[in-house]
>>> print(open('structure16.cif').read())   # mmCIF, C-alpha atoms
data_model
loop_
_atom_site.label_atom_id
_atom_site.label_comp_id
_atom_site.auth_asym_id
_atom_site.auth_seq_id
_atom_site.Cartn_x
_atom_site.Cartn_y
_atom_site.Cartn_z
CA MET A 1 0.00 0.00 0.00
CA SER A 2 2.79 2.38 -0.89
CA GLY A 3 1.61 5.84 -1.79
CA ALA A 4 -1.13 5.89 0.82
CA LYS A 5 -1.79 9.25 2.46
CA LEU A 6 -1.78 9.30 6.26
CA ASP A 7 -3.94 11.97 7.93
CA ILE A 8 -3.79 12.16 11.74
CA SER A 9 -6.40 13.93 13.90
CA ALA A 10 -6.17 14.81 17.58
CA ASP A 11 -9.01 12.52 18.69
CA ALA A 12 -12.03 10.56 17.49
CA GLN A 13 -14.32 13.57 17.16
CA ALA A 14 -11.71 15.57 15.26
CA LEU A 15 -11.25 12.55 13.00
CA ALA A 16 -14.96 12.53 12.19
CA GLY A 17 -14.86 16.21 11.29
CA ARG A 18 -11.77 15.79 9.16
CA VAL A 19 -13.27 12.94 7.13
CA ALA A 20 -16.61 14.75 6.83
CA GLY A 21 -14.84 17.73 5.28
CA TRP A 22 -12.85 15.46 2.97
CA LEU A 23 -15.96 13.60 1.82
CA LEU A 24 -17.90 16.83 1.31
CA ALA A 25 -15.09 18.23 -0.84
CA ALA A 26 -14.98 15.05 -2.94
CA ALA A 27 -18.75 15.13 -3.48
CA GLN A 28 -18.75 18.81 -4.41
CA ALA A 29 -15.85 18.34 -6.83
CA LYS A 30 -17.65 15.78 -8.96
CA ALA A 31 -20.50 16.62 -11.31
CA GLY A 32 -23.30 14.10 -11.66
CA ARG A 33 -24.06 11.18 -9.40
CA PHE A 34 -21.72 10.38 -6.54
CA ALA A 35 -21.50 6.85 -5.12
CA VAL A 36 -20.32 6.08 -1.59
CA CYS A 37 -19.67 2.65 -0.10
CA LEU A 38 -20.29 2.78 3.66
CA SER A 39 -18.70 1.01 6.58
CA GLY A 40 -20.23 -0.04 9.87
CA GLY A 41 -18.76 0.54 13.33
CA SER A 42 -18.50 3.27 15.96
CA THR A 43 -15.85 5.32 14.13
CA PRO A 44 -17.90 5.68 10.93
CA ARG A 45 -20.99 6.40 13.03
CA ARG A 46 -19.35 9.57 14.32
CA LEU A 47 -18.66 10.53 10.72
CA TYR A 48 -22.29 9.97 9.70
CA GLU A 49 -23.57 11.98 12.66
CA THR A 50 -21.18 14.78 11.70
CA LEU A 51 -22.42 14.78 8.10
CA ALA A 52 -25.97 15.16 9.42
CA ASP A 53 -24.98 18.29 11.35
CA PRO A 54 -26.22 21.46 9.60
CA VAL A 55 -22.63 22.60 9.02
CA TYR A 56 -22.20 19.75 6.52
CA ARG A 57 -25.78 18.73 5.83
CA ASP A 58 -26.71 22.06 4.29
CA ARG A 59 -23.84 21.88 1.78
CA PHE A 60 -23.81 18.19 0.89
CA PRO A 61 -25.25 17.16 -2.54
CA TRP A 62 -27.69 14.61 -1.13
CA ALA A 63 -29.91 14.55 -4.23
CA ARG A 64 -27.19 13.09 -6.44
CA THR A 65 -25.38 10.91 -3.88
CA HIS A 66 -26.03 7.17 -3.74
CA TRP A 67 -25.29 5.10 -0.64
CA PHE A 68 -24.17 1.47 -0.61
CA TRP A 69 -22.81 -0.85 2.10
CA GLY A 70 -19.47 -2.67 2.08
CA ASP A 71 -20.92 -5.33 4.33
CA GLU A 72 -23.97 -6.14 6.41
CA ARG A 73 -24.92 -8.57 9.12
CA PHE A 74 -27.65 -10.94 7.99
CA VAL A 75 -30.22 -9.58 10.44
CA PRO A 76 -33.50 -7.68 9.95
CA PRO A 77 -33.03 -4.01 9.02
CA ASP A 78 -34.34 -2.85 12.43
CA ASP A 79 -32.05 -5.17 14.40
CA PRO A 80 -29.57 -3.35 16.69
CA LEU A 81 -26.73 -5.16 14.88
CA SER A 82 -27.78 -3.88 11.45
CA ASN A 83 -25.32 -1.55 9.71
CA HIS A 84 -28.22 -0.17 7.70
CA ARG A 85 -30.09 0.74 10.88
CA MET A 86 -27.00 2.43 12.32
CA VAL A 87 -26.46 4.59 9.22
CA ARG A 88 -30.17 5.37 8.98
CA GLU A 89 -30.32 6.57 12.59
CA ALA A 90 -27.03 8.47 12.44
CA MET A 91 -27.42 10.19 9.06
CA LEU A 92 -29.97 9.09 6.48
CA SER A 93 -33.03 9.94 8.58
CA ARG A 94 -31.55 13.33 9.47
CA ALA A 95 -30.73 14.54 5.96
CA PRO A 96 -32.72 15.11 2.73
CA VAL A 97 -31.74 11.76 1.22
CA PRO A 98 -33.96 10.49 -1.61
CA ALA A 99 -35.22 7.00 -0.75
CA GLU A 100 -34.19 5.71 -4.18
CA ASN A 101 -30.58 6.70 -3.44
CA VAL A 102 -30.28 4.28 -0.52
CA HIS A 103 -29.17 0.83 -1.64
CA ALA A 104 -29.28 -1.37 1.45
CA VAL A 105 -28.37 -5.05 1.50
CA PRO A 106 -31.56 -7.16 1.49
CA THR A 107 -31.74 -9.36 4.59
CA THR A 108 -35.35 -10.54 4.83
CA GLY A 109 -37.13 -13.30 2.93
CA LEU A 110 -33.88 -14.62 1.45
CA THR A 111 -31.03 -16.94 2.30
CA PRO A 112 -27.60 -15.33 2.77
CA ALA A 113 -26.50 -16.66 -0.64
CA GLU A 114 -29.61 -15.23 -2.29
CA ALA A 115 -29.07 -11.89 -0.55
CA ALA A 116 -25.51 -11.75 -1.90
CA GLU A 117 -26.74 -12.49 -5.42
CA ARG A 118 -29.46 -9.84 -5.13
CA TYR A 119 -27.03 -7.19 -3.91
CA GLU A 120 -24.53 -7.99 -6.64
CA ALA A 121 -27.33 -7.56 -9.19
CA THR A 122 -28.11 -4.15 -7.62
CA LEU A 123 -24.49 -3.07 -7.95
CA ARG A 124 -24.20 -4.30 -11.52
CA ALA A 125 -27.41 -2.54 -12.55
CA PHE A 126 -26.21 0.71 -10.98
CA HIS A 127 -22.72 0.53 -12.45
CA GLY A 128 -23.80 -0.74 -15.87
CA ALA A 129 -20.33 -2.00 -16.76
CA ASP A 130 -17.60 -4.42 -15.81
CA LEU A 131 -15.10 -3.33 -13.19
CA ALA A 132 -12.24 -1.43 -14.80
CA PRO A 133 -9.63 1.08 -13.57
CA GLY A 134 -11.12 3.88 -15.66
CA ALA A 135 -14.69 3.21 -14.55
CA PRO A 136 -14.75 2.74 -10.76
CA LEU A 137 -17.82 1.29 -9.10
CA PHE A 138 -17.66 3.85 -6.27
CA ASP A 139 -16.37 7.38 -5.92
CA VAL A 140 -15.49 6.83 -2.27
CA THR A 141 -15.20 3.62 -0.24
CA LEU A 142 -15.07 3.90 3.55
CA LEU A 143 -13.49 1.01 5.44
CA GLY A 144 -12.61 0.07 8.98
CA LEU A 145 -9.90 -2.11 10.46
CA GLY A 146 -10.89 -4.88 12.87
CA PRO A 147 -8.71 -6.07 15.77
CA ASP A 148 -7.90 -9.19 13.72
CA GLY A 149 -7.11 -7.16 10.61
CA HIS A 150 -10.42 -7.78 8.86
CA THR A 151 -12.14 -5.15 6.76
CA ALA A 152 -15.75 -5.17 5.57
CA SER A 153 -16.63 -8.81 6.42
CA LEU A 154 -13.47 -10.29 4.94
CA PHE A 155 -12.03 -12.30 7.84
CA PRO A 156 -8.73 -14.16 8.22
CA GLY A 157 -8.87 -17.64 6.74
CA ASP A 158 -12.30 -17.27 5.13
CA ALA A 159 -12.91 -18.50 1.59
CA ALA A 160 -14.18 -15.05 0.58
CA LEU A 161 -10.57 -13.82 0.55
CA ALA A 162 -9.90 -15.84 -2.60
CA GLU A 163 -13.00 -14.69 -4.53
CA ARG A 164 -12.07 -12.65 -7.59
CA LYS A 165 -15.13 -13.03 -9.84
CA ARG A 166 -18.11 -12.32 -7.60
CA TRP A 167 -18.72 -8.78 -6.37
CA VAL A 168 -20.68 -9.86 -3.28
CA VAL A 169 -20.57 -13.05 -1.21
CA ALA A 170 -22.25 -14.57 1.82
CA VAL A 171 -19.84 -15.08 4.73
CA VAL A 172 -21.14 -17.87 6.94
CA GLY A 173 -19.36 -19.31 9.95
CA ALA A 174 -16.76 -16.60 10.49
CA LYS A 175 -18.96 -14.89 13.09
CA ALA A 176 -22.06 -15.80 15.09
CA GLU A 177 -24.34 -14.25 12.46
CA ALA A 178 -23.94 -14.63 8.71
CA ARG A 179 -22.61 -11.61 6.86
CA ILE A 180 -22.99 -10.25 3.34
CA SER A 181 -19.78 -8.67 2.11
CA LEU A 182 -18.38 -7.05 -0.97
CA THR A 183 -15.31 -8.87 -2.25
CA TYR A 184 -11.89 -7.44 -3.03
CA PRO A 185 -12.70 -6.66 -6.69
CA ALA A 186 -15.72 -4.54 -5.73
CA LEU A 187 -14.05 -2.84 -2.76
CA GLU A 188 -10.97 -2.05 -4.83
CA SER A 189 -13.00 -0.41 -7.59
CA SER A 190 -13.17 3.10 -6.13
CA ALA A 191 -11.80 6.49 -7.09
CA ALA A 192 -10.79 6.96 -3.45
CA THR A 193 -10.58 4.55 -0.52
CA ALA A 194 -10.38 5.68 3.09
CA PHE A 195 -9.61 3.56 6.15
CA LEU A 196 -10.96 5.12 9.36
CA VAL A 197 -9.13 3.89 12.47
CA GLU A 198 -9.18 5.26 16.01
CA GLY A 199 -8.29 4.20 19.54
CA ALA A 200 -5.12 3.04 21.30
CA GLU A 201 -6.33 -0.56 21.10
CA LYS A 202 -5.88 -0.39 17.32
CA ARG A 203 -2.27 0.86 17.44
CA ASP A 204 -0.56 -2.51 17.00
CA ILE A 205 -2.88 -3.81 14.29
CA PHE A 206 -2.67 -0.47 12.47
CA LYS A 207 1.12 -0.70 12.48
CA ARG A 208 0.98 -4.22 11.02
CA PHE A 209 -1.58 -3.06 8.47
CA ARG A 210 0.54 -0.13 7.30
CA ALA A 211 3.54 -2.48 7.04
CA GLY A 212 1.52 -4.65 4.66
CA ASP A 213 1.30 -7.78 6.81
CA PRO A 214 -0.17 -10.35 4.36
CA ALA A 215 -1.86 -12.21 7.22
CA LEU A 216 -4.32 -9.33 7.56
CA PRO A 217 -7.25 -9.26 5.10
CA ALA A 218 -7.14 -5.44 5.07
CA SER A 219 -3.52 -5.52 3.87
CA ARG A 220 -4.49 -7.62 0.87
CA LEU A 221 -6.75 -4.93 -0.52
CA SER A 222 -5.26 -3.24 -3.62
CA PRO A 223 -7.32 -0.07 -4.27
CA LYS A 224 -7.28 1.20 -7.84
CA GLY A 225 -7.60 4.86 -6.85
CA GLU A 226 -6.33 7.12 -4.07
CA LEU A 227 -5.78 5.49 -0.69
CA TRP A 228 -6.13 7.36 2.60
CA TYR A 229 -5.53 6.36 6.21
CA PHE A 230 -7.47 8.61 8.57
CA ALA A 231 -6.41 7.92 12.16
CA ASP A 232 -6.35 9.63 15.52
CA LYS A 233 -3.18 10.18 17.56
CA ALA A 234 -3.99 7.29 19.88
CA THR A 235 -3.86 4.92 16.91
CA ALA A 236 -1.06 6.49 14.91
CA GLY A 237 1.25 6.92 17.92
#
>>> encode(input="structure16.cif", output="structure tokens")
Amino acid sequence: MSGAKLDISADAQALAGRVAGWLLAAAQAKAGRFAVCLSGGSTPRRLYETLADPVYRDRFPWARTHWFWGDERFVPPDDPLSNHRMVREAMLSRAPVPAENVHAVPTTGLTPAEAAERYEATLRAFHGADLAPGAPLFDVTLLGLGPDGHTASLFPGDAALAERKRWVVAVVGAKAEARISLTYPALESSAATAFLVEGAEKRDIFKRFRAGDPALPASRLSPKGELWYFADKATAG
């Protein structure tokens, strides 16, 4: 991951504001529709809450921005574990977001495998082309870094790490609940990719990640566009 840009904020709240400003600038700089792939977790939640603040909300191009998810737990959309619910509560319900611009992972009335197929069809219909460096699927992809080095729902040792044809897969058995996750090809197809990492407990795994430790799923991601690491001082050291 040589060439990645490291941006360090004083603390978690400053990190949220920094990324909100960065995302706003990226959205404003592009004409036409703007596609964002979202991450779950407490760090992104602060970002989403910040974007819903009038300071950012009143300037963000909500009408032409489309929202997707990098992964989702296979639970009902109102379940406390749902990434969709978290983003809805933190941002989508607090901003003028057109309902047709929200592309959540389907998790009801389907098996995990069927949900993965359905979401891949949604992505393909939106993108309208094969994945290629000059035609990224997303404008911005937001990612986290788990304590075991996972990102999205790509976990150490799981078969999903080897998938290079499918855009979306069901991840069953890695965690208590099944997950639906974008694969490396889909996550890598982005004009800009940003890892959001905060907290002293992430310092060691962040160091291994930045060193490119191949044992970590996050290190095996090869973004086609710009790559950013947004971290707080507790993480960056």
>>> resolve_selection(input="structure16.cif", expression="the PyMOL selection byres ((chain A and resi 148-157) around 10)", output="PyMOL selection string")
chain A and resi 38-40+69-73+142-147+158-162+169-171+174-175+178-184+187+195+202+205-206+208-209+213-221
>>> resolve_selection(input="structure16.cif", expression="the PyMOL selection byres ((chain A and resi 17) around 10)", output="PDB file with C-alpha atoms, in the frame of the given file")
ATOM      1  CA  SER A   9      -6.400  13.930  13.900  1.00  0.00           C
ATOM      2  CA  ALA A  12     -12.030  10.560  17.490  1.00  0.00           C
ATOM      3  CA  GLN A  13     -14.320  13.570  17.160  1.00  0.00           C
ATOM      4  CA  ALA A  14     -11.710  15.570  15.260  1.00  0.00           C
ATOM      5  CA  LEU A  15     -11.250  12.550  13.000  1.00  0.00           C
ATOM      6  CA  ALA A  16     -14.960  12.530  12.190  1.00  0.00           C
ATOM      7  CA  ARG A  18     -11.770  15.790   9.160  1.00  0.00           C
ATOM      8  CA  VAL A  19     -13.270  12.940   7.130  1.00  0.00           C
ATOM      9  CA  ALA A  20     -16.610  14.750   6.830  1.00  0.00           C
ATOM     10  CA  GLY A  21     -14.840  17.730   5.280  1.00  0.00           C
ATOM     11  CA  TRP A  22     -12.850  15.460   2.970  1.00  0.00           C
ATOM     12  CA  LEU A  23     -15.960  13.600   1.820  1.00  0.00           C
ATOM     13  CA  ARG A  46     -19.350   9.570  14.320  1.00  0.00           C
ATOM     14  CA  LEU A  47     -18.660  10.530  10.720  1.00  0.00           C
ATOM     15  CA  TYR A  48     -22.290   9.970   9.700  1.00  0.00           C
ATOM     16  CA  GLU A  49     -23.570  11.980  12.660  1.00  0.00           C
ATOM     17  CA  THR A  50     -21.180  14.780  11.700  1.00  0.00           C
ATOM     18  CA  LEU A  51     -22.420  14.780   8.100  1.00  0.00           C
ATOM     19  CA  TYR A  56     -22.200  19.750   6.520  1.00  0.00           C
TER      20      TYR A  56
END
>>> residues_around(input="structure16.cif", residues="Met91 in chain A", least_positions_apart="2", cutoff="8 Å", atoms="all atoms listed in the file", output="compact mmCIF listing (two decimals) with C-alpha atoms, in the coordinates of the input")
# COMPACT_ATOMS: atom_id res chain seq x y z
CA TYR A 48 -22.29 9.97 9.70
CA GLU A 49 -23.57 11.98 12.66
CA LEU A 51 -22.42 14.78 8.10
CA ALA A 52 -25.97 15.16 9.42
CA VAL A 87 -26.46 4.59 9.22
CA ARG A 88 -30.17 5.37 8.98
CA GLU A 89 -30.32 6.57 12.59
CA SER A 93 -33.03 9.94 8.58
CA ARG A 94 -31.55 13.33 9.47
CA ALA A 95 -30.73 14.54 5.96
>>> residues_around(input="structure16.cif", residues="Phe230 in chain A", least_positions_apart="4", cutoff="7 Å", atoms="only C-alpha atoms", output="PyMOL selection string")
chain A and resi 6-8+194-197
>>> closest_atom_pairs(input="structure16.cif", of="range 27-107 of chain A", to="range 124-140 of chain A", cutoff="8 Å", atoms="all atoms listed in the file", output="JSON lines")
{"residue": "A:Phe34", "atom": "CA", "partner": "A:Asp139", "partner_atom": "CA", "distance": 6.2}
{"residue": "A:Ala35", "atom": "CA", "partner": "A:Phe138", "partner_atom": "CA", "distance": 5.0}
{"residue": "A:Val36", "atom": "CA", "partner": "A:Val140", "partner_atom": "CA", "distance": 4.9}
{"residue": "A:Cys37", "atom": "CA", "partner": "A:Val140", "partner_atom": "CA", "distance": 6.3}
>>> build_atoms(input="structure16.cif", residues="range 169-187 of chain A", atoms="N, CA and C atoms", output="mmCIF file, in the coordinates of the input")
data_model
loop_
_atom_site.group_PDB
_atom_site.id
_atom_site.type_symbol
_atom_site.label_atom_id
_atom_site.label_comp_id
_atom_site.auth_asym_id
_atom_site.auth_seq_id
_atom_site.Cartn_x
_atom_site.Cartn_y
_atom_site.Cartn_z
ATOM 1 N N VAL A 169 -20.473 -11.668 -1.666
ATOM 2 C CA VAL A 169 -20.570 -13.050 -1.210
ATOM 3 C C VAL A 169 -21.238 -13.113 0.156
ATOM 4 N N ALA A 170 -21.766 -14.287 0.470
ATOM 5 C CA ALA A 170 -22.250 -14.570 1.820
ATOM 6 C C ALA A 170 -21.079 -15.119 2.629
ATOM 7 N N VAL A 171 -20.914 -14.621 3.837
ATOM 8 C CA VAL A 171 -19.840 -15.080 4.730
ATOM 9 C C VAL A 171 -20.518 -15.768 5.908
ATOM 10 N N VAL A 172 -20.441 -17.078 5.926
ATOM 11 C CA VAL A 172 -21.140 -17.870 6.940
ATOM 12 C C VAL A 172 -20.138 -18.668 7.751
ATOM 13 N N GLY A 173 -20.225 -18.545 9.071
ATOM 14 C CA GLY A 173 -19.360 -19.310 9.950
ATOM 15 C C GLY A 173 -18.206 -18.526 10.544
ATOM 16 N N ALA A 174 -17.868 -17.404 9.957
ATOM 17 C CA ALA A 174 -16.760 -16.600 10.490
ATOM 18 C C ALA A 174 -17.149 -15.914 11.787
ATOM 19 N N LYS A 175 -18.426 -15.531 11.903
ATOM 20 C CA LYS A 175 -18.960 -14.890 13.090
ATOM 21 C C LYS A 175 -20.275 -15.559 13.473
ATOM 22 N N ALA A 176 -20.836 -15.161 14.609
ATOM 23 C CA ALA A 176 -22.060 -15.800 15.090
ATOM 24 C C ALA A 176 -23.193 -15.662 14.084
ATOM 25 N N GLU A 177 -23.304 -14.461 13.470
ATOM 26 C CA GLU A 177 -24.340 -14.250 12.460
ATOM 27 C C GLU A 177 -23.691 -14.222 11.083
ATOM 28 N N ALA A 178 -24.441 -14.686 10.086
ATOM 29 C CA ALA A 178 -23.940 -14.630 8.710
ATOM 30 C C ALA A 178 -23.751 -13.171 8.304
ATOM 31 N N ARG A 179 -22.873 -12.951 7.379
ATOM 32 C CA ARG A 179 -22.610 -11.610 6.860
ATOM 33 C C ARG A 179 -22.759 -11.618 5.337
ATOM 34 N N ILE A 180 -23.045 -10.465 4.787
ATOM 35 C CA ILE A 180 -22.990 -10.250 3.340
ATOM 36 C C ILE A 180 -21.876 -9.235 3.132
ATOM 37 N N SER A 181 -20.928 -9.558 2.274
ATOM 38 C CA SER A 181 -19.780 -8.670 2.110
ATOM 39 C C SER A 181 -19.409 -8.485 0.649
ATOM 40 N N LEU A 182 -18.998 -7.269 0.324
ATOM 41 C CA LEU A 182 -18.380 -7.050 -0.970
ATOM 42 C C LEU A 182 -17.021 -7.749 -0.962
ATOM 43 N N THR A 183 -16.589 -8.188 -2.112
ATOM 44 C CA THR A 183 -15.310 -8.870 -2.250
ATOM 45 C C THR A 183 -14.217 -7.860 -2.604
ATOM 46 N N TYR A 184 -12.988 -8.340 -2.673
ATOM 47 C CA TYR A 184 -11.890 -7.440 -3.030
ATOM 48 C C TYR A 184 -12.117 -6.713 -4.354
ATOM 49 N N PRO A 185 -12.531 -7.397 -5.430
ATOM 50 C CA PRO A 185 -12.700 -6.660 -6.690
ATOM 51 C C PRO A 185 -13.655 -5.479 -6.583
ATOM 52 N N ALA A 186 -14.750 -5.638 -5.869
ATOM 53 C CA ALA A 186 -15.720 -4.540 -5.730
ATOM 54 C C ALA A 186 -15.187 -3.447 -4.806
ATOM 55 N N LEU A 187 -14.579 -3.828 -3.688
ATOM 56 C CA LEU A 187 -14.050 -2.840 -2.760
ATOM 57 C C LEU A 187 -12.888 -2.056 -3.367
#
